[in-house]
Amino acid sequence: MTKDLLDENVAVADGLVVSLAYTLRLDDGEEIDSAAADDPLVYLHGAQNIIPGLEQALTGLKVGDARTVSVNAIDAYGDVDTDAFELVPYDAFPADVDLEEGMGLRMVDESTGRQVDAYISELTDDGALLDMNHPLAGETLHFDVEIVGLRRATSDEIAHGHAHNADHTH
């Protein structure tokens with residue numbers, strides 16, 4: 001199946017599949033994620049597949065455009081929610097699990113039945129203090145980005161709300 005390629009004057013807009021090369025750094029310069037031009041992040045623009053601040057900054061760019069974009073926490077993963085911490089007694093964990101600060105856990109919220117990712121913020125005398133915030137909550141994110149490809153989304157991609165890989169079948 002041939003992709004519907006676009007001419008070089010077309011800019012990033014809703015309903016287009018964007019191929020994005022990027023490097024993500026925190027305020028201290030630590031690189032925490034990247035995608036190279038030969039293995040880019042591919043996403044459906046306008047479908048909330050990426051953080052809002054980055055999606056907004058990419059709108060209007062064309063293939064070959066490169067930028068440095070800083071996204072404040074509120075437009076990324078939000079501020080740290082102080083209510084999203086919970087002290088869990090040690091006997092609530094399986095006995096064979098060695099708990100460590102910074103360790104990620106997947107739990108089920110008893111009231112909603114939804115899976116929740118949490119991280120051990122601190123080990124105290126009374127239990128493990130779990131942080132249910134996204135690990136990048138409260139962080140300003142600095143992206144070096146380059147648009148490496150644009151194409152029209154297929155009707156399936158629009159219906160599903162995300163880009164499909166070339167080998168993806170539904």
# chains A, B, ... in the order shown; residues from 1 in each chain; ligands from 1
>>> closest_atom_pairs(of="segment 26-117 of chain A", to="segment 140-162 of chain A", cutoff="12 Å", atoms="only C-alpha atoms", output="JSON lines")
{"residue": "A:Leu26", "atom": "CA", "partner": "A:Leu141", "partner_atom": "CA", "distance": 5.4}
{"residue": "A:Asp27", "atom": "CA", "partner": "A:Thr140", "partner_atom": "CA", "distance": 6.5}
{"residue": "A:Asp28", "atom": "CA", "partner": "A:His142", "partner_atom": "CA", "distance": 10.1}
{"residue": "A:Gly29", "atom": "CA", "partner": "A:His142", "partner_atom": "CA", "distance": 8.6}
{"residue": "A:Glu30", "atom": "CA", "partner": "A:His142", "partner_atom": "CA", "distance": 10.0}
{"residue": "A:Glu31", "atom": "CA", "partner": "A:His142", "partner_atom": "CA", "distance": 9.3}
{"residue": "A:Ile32", "atom": "CA", "partner": "A:Leu141", "partner_atom": "CA", "distance": 9.8}
{"residue": "A:Asp33", "atom": "CA", "partner": "A:Phe143", "partner_atom": "CA", "distance": 9.4}
{"residue": "A:Ser34", "atom": "CA", "partner": "A:Phe143", "partner_atom": "CA", "distance": 9.0}
{"residue": "A:Ala35", "atom": "CA", "partner": "A:Val145", "partner_atom": "CA", "distance": 9.4}
{"residue": "A:Ala36", "atom": "CA", "partner": "A:Glu146", "partner_atom": "CA", "distance": 9.5}
{"residue": "A:Ala37", "atom": "CA", "partner": "A:Val148", "partner_atom": "CA", "distance": 6.4}
{"residue": "A:Asp38", "atom": "CA", "partner": "A:Val148", "partner_atom": "CA", "distance": 8.8}
{"residue": "A:Asp39", "atom": "CA", "partner": "A:Val148", "partner_atom": "CA", "distance": 10.0}
{"residue": "A:Pro40", "atom": "CA", "partner": "A:Val148", "partner_atom": "CA", "distance": 7.7}
{"residue": "A:Leu41", "atom": "CA", "partner": "A:Val148", "partner_atom": "CA", "distance": 9.7}
{"residue": "A:Val42", "atom": "CA", "partner": "A:Gly149", "partner_atom": "CA", "distance": 8.8}
{"residue": "A:Tyr43", "atom": "CA", "partner": "A:His162", "partner_atom": "CA", "distance": 6.3}
{"residue": "A:Leu44", "atom": "CA", "partner": "A:His162", "partner_atom": "CA", "distance": 5.2}
{"residue": "A:His45", "atom": "CA", "partner": "A:His162", "partner_atom": "CA", "distance": 8.5}
{"residue": "A:Gly46", "atom": "CA", "partner": "A:Gly161", "partner_atom": "CA", "distance": 9.0}
{"residue": "A:Ala47", "atom": "CA", "partner": "A:Gly161", "partner_atom": "CA", "distance": 5.7}
{"residue": "A:Gln48", "atom": "CA", "partner": "A:Gly161", "partner_atom": "CA", "distance": 8.4}
{"residue": "A:Asn49", "atom": "CA", "partner": "A:His162", "partner_atom": "CA", "distance": 6.8}
{"residue": "A:Ile50", "atom": "CA", "partner": "A:His162", "partner_atom": "CA", "distance": 10.3}
{"residue": "A:Ile51", "atom": "CA", "partner": "A:Leu141", "partner_atom": "CA", "distance": 10.3}
{"residue": "A:Pro52", "atom": "CA", "partner": "A:Leu141", "partner_atom": "CA", "distance": 12.0}
{"residue": "A:Gly53", "atom": "CA", "partner": "A:Leu141", "partner_atom": "CA", "distance": 9.6}
{"residue": "A:Leu54", "atom": "CA", "partner": "A:Phe143", "partner_atom": "CA", "distance": 8.3}
{"residue": "A:Glu55", "atom": "CA", "partner": "A:Val145", "partner_atom": "CA", "distance": 11.3}
{"residue": "A:Ala57", "atom": "CA", "partner": "A:Val145", "partner_atom": "CA", "distance": 10.1}
{"residue": "A:Leu58", "atom": "CA", "partner": "A:Ile147", "partner_atom": "CA", "distance": 8.4}
{"residue": "A:Thr59", "atom": "CA", "partner": "A:Ile147", "partner_atom": "CA", "distance": 10.6}
{"residue": "A:Gly60", "atom": "CA", "partner": "A:Ile147", "partner_atom": "CA", "distance": 10.6}
{"residue": "A:Leu61", "atom": "CA", "partner": "A:Ile147", "partner_atom": "CA", "distance": 7.3}
{"residue": "A:Lys62", "atom": "CA", "partner": "A:Ile147", "partner_atom": "CA", "distance": 6.5}
{"residue": "A:Val63", "atom": "CA", "partner": "A:Ile147", "partner_atom": "CA", "distance": 4.9}
{"residue": "A:Gly64", "atom": "CA", "partner": "A:Ile147", "partner_atom": "CA", "distance": 5.5}
{"residue": "A:Asp65", "atom": "CA", "partner": "A:Glu146", "partner_atom": "CA", "distance": 5.6}
{"residue": "A:Ala66", "atom": "CA", "partner": "A:Glu146", "partner_atom": "CA", "distance": 4.1}
{"residue": "A:Arg67", "atom": "CA", "partner": "A:Val145", "partner_atom": "CA", "distance": 5.4}
{"residue": "A:Thr68", "atom": "CA", "partner": "A:Asp144", "partner_atom": "CA", "distance": 4.5}
{"residue": "A:Val69", "atom": "CA", "partner": "A:Phe143", "partner_atom": "CA", "distance": 5.1}
{"residue": "A:Ser70", "atom": "CA", "partner": "A:His142", "partner_atom": "CA", "distance": 4.4}
{"residue": "A:Val71", "atom": "CA", "partner": "A:Leu141", "partner_atom": "CA", "distance": 5.1}
{"residue": "A:Asn72", "atom": "CA", "partner": "A:Thr140", "partner_atom": "CA", "distance": 4.6}
{"residue": "A:Ala73", "atom": "CA", "partner": "A:Thr140", "partner_atom": "CA", "distance": 5.0}
{"residue": "A:Ile74", "atom": "CA", "partner": "A:Thr140", "partner_atom": "CA", "distance": 8.6}
{"residue": "A:Asp75", "atom": "CA", "partner": "A:Thr140", "partner_atom": "CA", "distance": 9.0}
{"residue": "A:Ala76", "atom": "CA", "partner": "A:Leu141", "partner_atom": "CA", "distance": 7.5}
{"residue": "A:Tyr77", "atom": "CA", "partner": "A:Thr140", "partner_atom": "CA", "distance": 9.2}
{"residue": "A:Gly78", "atom": "CA", "partner": "A:Thr140", "partner_atom": "CA", "distance": 9.6}
{"residue": "A:Asp79", "atom": "CA", "partner": "A:Thr140", "partner_atom": "CA", "distance": 9.8}
{"residue": "A:Val80", "atom": "CA", "partner": "A:Thr140", "partner_atom": "CA", "distance": 11.9}
>>> residues_around(residues="Glu101 of chain A", least_positions_apart="2", cutoff="9 Å", atoms="only C-alpha atoms", output="JSON, numbers by chain")
{"A": [99, 103, 104, 119, 120, 121, 122, 123, 128]}
>>> select_by_dssp(residues="chain A", states="strand (DSSP E)", output="number ranges by chain")
A: 16-25, 31-35, 41-44, 66-71, 85-88, 104-108, 115-123, 128-131, 141-152
>>> atom_distance(atom1="atom CA of Ala13 of chain A", atom2="atom CA of Ala137 of chain A")
26.9 Å
>>> atom_distance(atom1="atom CA of Val17 of chain A", atom2="atom CA of Gln115 of chain A")
29.0 Å
>>> atom_distance(atom1="atom CA of Pro135 of chain A", atom2="atom CA of Ala84 of chain A")
11.9 Å
>>> closest_residue(among="A:Asp14, A:Thr23, A:Asn9, A:Asn133", to="Asp83 of chain A", atoms="only C-alpha atoms")
A:Asn133
>>> residues_around(residues="Val88 of chain A", least_positions_apart="6", cutoff="9 Å", atoms="only C-alpha atoms", output="JSON list (two decimals) with C-alpha atoms, in the first residue's frame")
[["chain", "number", "residue", "atom", "x", "y", "z"],
["A", 126, "ASP", "CA", 5.64, 2.73, 58.67],
["A", 127, "GLY", "CA", 5.69, 1.64, 55.04],
["A", 128, "ALA", "CA", 6.44, 2.68, 51.50],
["A", 129, "LEU", "CA", 5.43, 6.19, 50.43],
["A", 130, "LEU", "CA", 4.06, 5.76, 46.91]]
